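K.L.:
Got a file for you: model.cif, mmCIF, C-alpha atoms.
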data_input
#
loop_
_atom_site.group_PDB
_atom_site.id
_atom_site.type_symbol
_atom_site.label_atom_id
_atom_site.label_comp_id
_atom_site.auth_asym_id
_atom_site.auth_seq_id
_atom_site.Cartn_x
_atom_site.Cartn_y
_atom_site.Cartn_z
ATOM 1 C CA MET C 7 0.000 0.000 0.000
ATOM 2 C CA SER C 8 1.401 3.394 -0.881
ATOM 3 C CA SER C 9 1.523 5.828 1.981
ATOM 4 C CA LEU C 10 -1.290 8.311 2.343
ATOM 5 C CA THR C 11 -0.983 12.002 2.931
ATOM 6 C CA SER C 12 -2.399 13.135 6.235
ATOM 7 C CA SER C 13 -5.375 14.756 4.562
ATOM 8 C CA GLN C 14 -6.102 11.520 2.677
ATOM 9 C CA LYS C 15 -5.866 9.672 5.928
ATOM 10 C CA GLY C 16 -8.262 12.083 7.603
ATOM 11 C CA GLU C 17 -10.684 11.622 4.740
ATOM 12 C CA LEU C 18 -10.458 7.856 5.026
ATOM 13 C CA MET C 19 -11.114 8.002 8.767
ATOM 14 C CA ASP C 20 -14.116 10.254 8.259
ATOM 15 C CA GLN C 21 -15.469 7.878 5.639
ATOM 16 C CA VAL C 22 -15.073 4.881 7.918
ATOM 17 C CA LYS C 23 -16.812 6.725 10.743
ATOM 18 C CA GLN C 24 -19.642 7.759 8.491
ATOM 19 C CA GLN C 25 -20.150 4.263 7.144
ATOM 20 C CA ILE C 26 -20.278 2.903 10.681
ATOM 21 C CA ALA C 27 -22.822 5.547 11.649
ATOM 22 C CA VAL C 28 -24.986 4.659 8.629
ATOM 23 C CA ALA C 29 -24.786 0.935 9.431
ATOM 24 C CA ASN C 30 -25.777 1.711 13.009
ATOM 25 C CA ALA C 31 -28.770 3.753 11.968
ATOM 26 C CA GLN C 32 -29.849 1.002 9.591
ATOM 27 C CA GLU C 33 -29.627 -1.607 12.318
ATOM 28 C CA LEU C 34 -31.676 0.573 14.656
ATOM 29 C CA LEU C 35 -34.254 1.183 11.931
ATOM 30 C CA THR C 36 -34.590 -2.508 11.070
ATOM 31 C CA LYS C 37 -34.970 -3.600 14.684
ATOM 32 C CA MET C 38 -37.365 -0.779 15.448
ATOM 33 C CA THR C 39 -39.599 -1.594 12.498
ATOM 34 C CA GLU C 40 -39.674 -5.265 13.406
ATOM 35 C CA LYS C 41 -40.424 -4.686 17.102
ATOM 36 C CA CYS C 42 -42.992 -1.930 16.627
ATOM 37 C CA PHE C 43 -44.810 -3.790 13.889
ATOM 38 C CA LYS C 44 -45.082 -6.708 16.270
ATOM 39 C CA LYS C 45 -46.337 -4.520 19.136
ATOM 40 C CA CYS C 46 -48.675 -2.231 17.262
ATOM 41 C CA VAL C 47 -50.132 -4.030 14.265
ATOM 42 C CA GLY C 48 -52.177 -6.894 15.640
ATOM 43 C CA LYS C 49 -54.314 -7.865 12.707
ATOM 44 C CA PRO C 50 -53.127 -6.065 9.564
ATOM 45 C CA GLY C 51 -56.081 -4.272 7.972
ATOM 46 C CA THR C 52 -56.357 -2.490 4.639
ATOM 47 C CA VAL C 53 -54.576 0.616 6.004
ATOM 48 C CA LEU C 54 -52.556 1.567 9.074
ATOM 49 C CA ASP C 55 -55.309 3.160 11.137
ATOM 50 C CA SER C 56 -54.683 6.189 13.332
ATOM 51 C CA SER C 57 -54.399 4.238 16.570
ATOM 52 C CA GLU C 58 -51.799 1.980 14.976
ATOM 53 C CA GLN C 59 -49.908 5.005 13.728
ATOM 54 C CA LYS C 60 -50.007 6.579 17.180
ATOM 55 C CA CYS C 61 -48.795 3.341 18.717
ATOM 56 C CA ILE C 62 -45.943 3.111 16.223
ATOM 57 C CA ALA C 63 -44.835 6.680 16.918
ATOM 58 C CA MET C 64 -44.798 6.021 20.661
ATOM 59 C CA CYS C 65 -43.121 2.696 20.174
ATOM 60 C CA MET C 66 -40.277 4.345 18.228
ATOM 61 C CA ASP C 67 -39.687 6.842 21.018
ATOM 62 C CA ARG C 68 -39.751 4.147 23.708
ATOM 63 C CA PHE C 69 -37.489 1.925 21.629
ATOM 64 C CA MET C 70 -34.876 4.681 21.562
ATOM 65 C CA ASP C 71 -35.329 5.295 25.297
ATOM 66 C CA SER C 72 -34.761 1.599 25.819
ATOM 67 C CA TRP C 73 -31.685 1.602 23.571
ATOM 68 C CA ASN C 74 -30.177 4.491 25.496
ATOM 69 C CA LEU C 75 -30.906 2.889 28.854
ATOM 70 C CA VAL C 76 -29.424 -0.434 27.741
ATOM 71 C CA SER C 77 -26.397 1.389 26.389
ATOM 72 C CA ARG C 78 -25.877 3.219 29.692
ATOM 73 C CA THR C 79 -26.319 0.058 31.755
ATOM 74 C CA TYR C 80 -23.899 -1.882 29.579
ATOM 75 C CA GLY C 81 -21.370 0.959 29.725
ATOM 76 C CA GLN C 82 -21.534 0.979 33.519
ATOM 77 C CA ARG C 83 -21.103 -2.787 33.594
ATOM 78 C CA LEU C 84 -18.056 -2.616 31.321
ATOM 79 C CA GLN C 85 -16.517 -0.023 33.616
ATOM 80 C CA ARG C 86 -17.197 -2.137 36.699
ATOM 81 C CA GLU C 87 -15.718 -5.238 35.082
ATOM 82 C CA ARG C 88 -12.652 -3.294 33.996
ATOM 83 C CA SER C 89 -12.015 -1.919 37.480
ATOM 84 C CA ASN C 90 -12.356 -5.434 38.898
ATOM 85 C CA MET C 91 -9.588 -6.735 36.694
ATOM 86 C CA MET N 14 15.610 9.551 2.213
ATOM 87 C CA SER N 15 14.488 5.982 2.051
ATOM 88 C CA ASP N 16 14.752 5.861 5.862
ATOM 89 C CA PHE N 17 12.532 8.863 6.086
ATOM 90 C CA ASP N 18 10.036 7.296 3.731
ATOM 91 C CA SER N 19 9.717 4.046 5.589
ATOM 92 C CA LEU N 20 9.480 5.845 8.905
ATOM 93 C CA ASN N 21 6.618 7.945 7.637
ATOM 94 C CA LYS N 22 4.884 4.957 6.188
ATOM 95 C CA ASN N 23 5.164 2.952 9.381
ATOM 96 C CA GLU N 24 3.862 5.779 11.457
ATOM 97 C CA GLY N 25 0.922 6.264 9.141
ATOM 98 C CA ASP N 26 0.065 2.592 9.256
ATOM 99 C CA ALA N 27 0.268 2.528 13.035
ATOM 100 C CA GLU N 28 -2.066 5.475 13.326
ATOM 101 C CA LEU N 29 -4.560 3.948 10.916
ATOM 102 C CA GLN N 30 -4.361 0.587 12.609
ATOM 103 C CA GLU N 31 -4.961 2.172 15.991
ATOM 104 C CA PHE N 32 -7.903 4.096 14.579
ATOM 105 C CA LEU N 33 -9.436 1.001 13.001
ATOM 106 C CA MET N 34 -8.964 -1.042 16.159
ATOM 107 C CA VAL N 35 -10.770 1.558 18.256
ATOM 108 C CA GLU N 36 -13.577 1.867 15.699
ATOM 109 C CA LYS N 37 -13.910 -1.900 15.533
ATOM 110 C CA GLN N 38 -14.196 -2.115 19.294
ATOM 111 C CA LYS N 39 -16.806 0.616 19.321
ATOM 112 C CA ALA N 40 -18.741 -1.213 16.601
ATOM 113 C CA GLN N 41 -18.627 -4.433 18.605
ATOM 114 C CA VAL N 42 -19.959 -2.699 21.714
ATOM 115 C CA ASN N 43 -22.671 -1.153 19.588
ATOM 116 C CA ALA N 44 -23.680 -4.492 18.101
ATOM 117 C CA GLN N 45 -23.854 -5.873 21.626
ATOM 118 C CA ILE N 46 -26.155 -3.020 22.682
ATOM 119 C CA HIS N 47 -28.462 -3.771 19.753
ATOM 120 C CA GLU N 48 -28.599 -7.411 20.802
ATOM 121 C CA PHE N 49 -29.244 -6.655 24.494
ATOM 122 C CA ASN N 50 -31.871 -4.097 23.592
ATOM 123 C CA GLU N 51 -33.707 -6.594 21.410
ATOM 124 C CA ILE N 52 -33.681 -9.306 24.073
ATOM 125 C CA CYS N 53 -34.632 -6.996 26.932
ATOM 126 C CA TRP N 54 -37.267 -5.097 24.948
ATOM 127 C CA ASP N 55 -39.075 -8.404 24.396
ATOM 128 C CA LYS N 56 -38.770 -9.269 28.081
ATOM 129 C CA CYS N 57 -39.601 -5.934 29.679
ATOM 130 C CA VAL N 58 -41.692 -3.652 27.488
ATOM 131 C CA ASP N 59 -45.424 -4.157 27.362
ATOM 132 C CA LYS N 60 -47.619 -1.722 25.414
ATOM 133 C CA PRO N 61 -45.653 1.401 24.452
ATOM 134 C CA SER N 62 -46.938 4.444 26.349
ATOM 135 C CA ASN N 63 -45.937 8.070 26.856
ATOM 136 C CA LYS N 64 -42.774 7.206 28.697
ATOM 137 C CA LEU N 65 -40.883 4.228 30.030
ATOM 138 C CA ASP N 66 -42.263 3.712 33.536
ATOM 139 C CA SER N 67 -39.856 3.074 36.376
ATOM 140 C CA ARG N 68 -40.773 -0.595 36.568
ATOM 141 C CA THR N 69 -39.835 -1.071 32.915
ATOM 142 C CA GLU N 70 -36.618 0.890 33.405
ATOM 143 C CA THR N 71 -35.607 -1.297 36.332
ATOM 144 C CA CYS N 72 -36.475 -4.389 34.337
ATOM 145 C CA LEU N 73 -34.327 -3.256 31.386
ATOM 146 C CA ALA N 74 -31.324 -2.448 33.568
ATOM 147 C CA ASN N 75 -31.617 -5.745 35.465
ATOM 148 C CA CYS N 76 -32.119 -7.614 32.209
ATOM 149 C CA VAL N 77 -28.809 -6.378 30.797
ATOM 150 C CA ASP N 78 -26.862 -7.230 33.948
ATOM 151 C CA ARG N 79 -28.483 -10.637 34.419
ATOM 152 C CA PHE N 80 -27.950 -11.513 30.754
ATOM 153 C CA ILE N 81 -24.244 -10.757 31.149
ATOM 154 C CA ASP N 82 -24.178 -12.785 34.402
ATOM 155 C CA THR N 83 -25.829 -15.672 32.571
ATOM 156 C CA SER N 84 -23.337 -15.450 29.758
ATOM 157 C CA LEU N 85 -20.400 -15.458 32.210
ATOM 158 C CA LEU N 86 -21.857 -18.334 34.241
ATOM 159 C CA ILE N 87 -22.446 -20.479 31.182
ATOM 160 C CA THR N 88 -19.014 -19.690 29.760
ATOM 161 C CA ASN N 89 -17.300 -20.662 33.021
ATOM 162 C CA ARG N 90 -19.336 -23.806 33.550
ATOM 163 C CA PHE N 91 -18.847 -24.833 29.954
ATOM 164 C CA ALA N 92 -15.086 -24.420 30.330
ATOM 165 C CA GLN N 93 -15.243 -26.532 33.514
ATOM 166 C CA LEU N 94 -17.164 -29.262 31.732
ATOM 167 C CA LEU N 95 -14.630 -29.280 28.926
ATOM 168 C CA SER N 96 -11.656 -29.491 31.274
ATOM 169 C CA GLN N 97 -13.318 -32.277 33.269
ATOM 170 C CA LYS N 98 -13.856 -34.218 30.093
ATOM 171 C CA SER N 99 -10.304 -33.858 28.888
ATOM 172 C CA GLY N 100 -8.734 -34.227 32.372
ATOM 173 C CA GLY N 101 -10.878 -36.974 33.902
ATOM 174 C CA GLY N 102 -10.886 -39.372 31.006
ATOM 175 C CA LEU N 103 -13.896 -40.430 28.988
ATOM 176 C CA GLN N 104 -17.045 -41.565 30.690
#
Go through the file and emit its structure as structure tokens.
P.N.:
Amino acid sequence: MSSLTSSQKGELMDQVKQQIAVANAQELLTKMTEKCFKKCVGKPGTVLDSSEQKCIAMCMDRFMDSWNLVSRTYGQRLQRERSNM
Amino acid sequence: MSDFDSLNKNEGDAELQEFLMVEKQKAQVNAQIHEFNEICWDKCVDKPSNKLDSRTETCLANCVDRFIDTSLLITNRFAQLLSQKSGGGLQ
């Protein structure tokens, strides 16, 4: 591999970070759709009715709350395990 | 000049490698969070409402910690079983 200039390297790093962020958002979106469909659409009708739509909107918000809480809890656990080593 | 070149190249590679290692670790932690969230969402969240109530929050936090405990327990016991098998001869 030929060596990169520092600006090329910076660009590469930014690209990697961006691709990871996109992959993360996609994962969140996929999981959220799956879970909220399961929770909110009991018997699929001819349209998404307004109560289903409301449920889905709330479900999205709670799913993100849950993600953040899980993330915090896991982070604390990692720190505890590290300080026990 | 060739010394200079190779020095620069090595340094660049080290920096990139370091960067990629850190990003990879972050990605692994993130994937783990997605997995925990999926498991614990199914266990703890009933009908979505205006906010996560405190019971659900406690359940989610406990769920993550107990899942990790379970994983550690199973890993340790599994390792024990394996070492018993290889150390104590075949049954």
K.L.:
To one decimal in Å, tell me the separation between atom CA of C:Arg68 and atom CA of N:Asn63.
P.N.:
8.0 Å
K.L.:
Translate the PyMOL selection byres ((chain C) within 8 of (chain N)) into a concrete residue list for this structure, as a list in words.
P.N.:
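Listing what the PyMOL selection byres ((chain C) within 8 of (chain N)) selects in the shown file: Ser9, Leu10, Lys15, Met19, Lys23, Ile26, Asn30, Glu33, Leu34, Lys37, Lys45, Cys61, Met64, Cys65, Arg68, Phe69, Asp71, Ser72, Trp73, Leu75, Val76, Ser77, Thr79, Tyr80 and Arg83 of chain C.
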K.L.:
Please write the residues picked by the PyMOL selection byres ((chain C and resi 43) around 12) on this file as a list of chain:residue names.
P.N.:
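Expected selection for the PyMOL selection byres ((chain C and resi 43) around 12) here is C:Leu35, C:Thr36, C:Lys37, C:Met38, C:Thr39, C:Glu40, C:Lys41, C:Cys42, C:Lys44, C:Lys45, C:Cys46, C:Val47, C:Gly48, C:Lys49, C:Pro50, C:Leu54, C:Glu58, C:Gln59, C:Cys61, C:Ile62, C:Ala63, C:Met64, C:Cys65, C:Met66, N:Pro61.
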K.L.:
Atom CA of N:Thr88 and atom CA of C:Asn74, how far apart in Å?
P.N.:
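Between these atoms lies a distance of 27.0 Å.
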K.L.:
By how many Å are atom CA of C:Gly16 and atom CA of C:Val28 apart?
P.N.:
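Separation of atom CA of C:Gly16 and atom CA of C:Val28: 18.3 Å.
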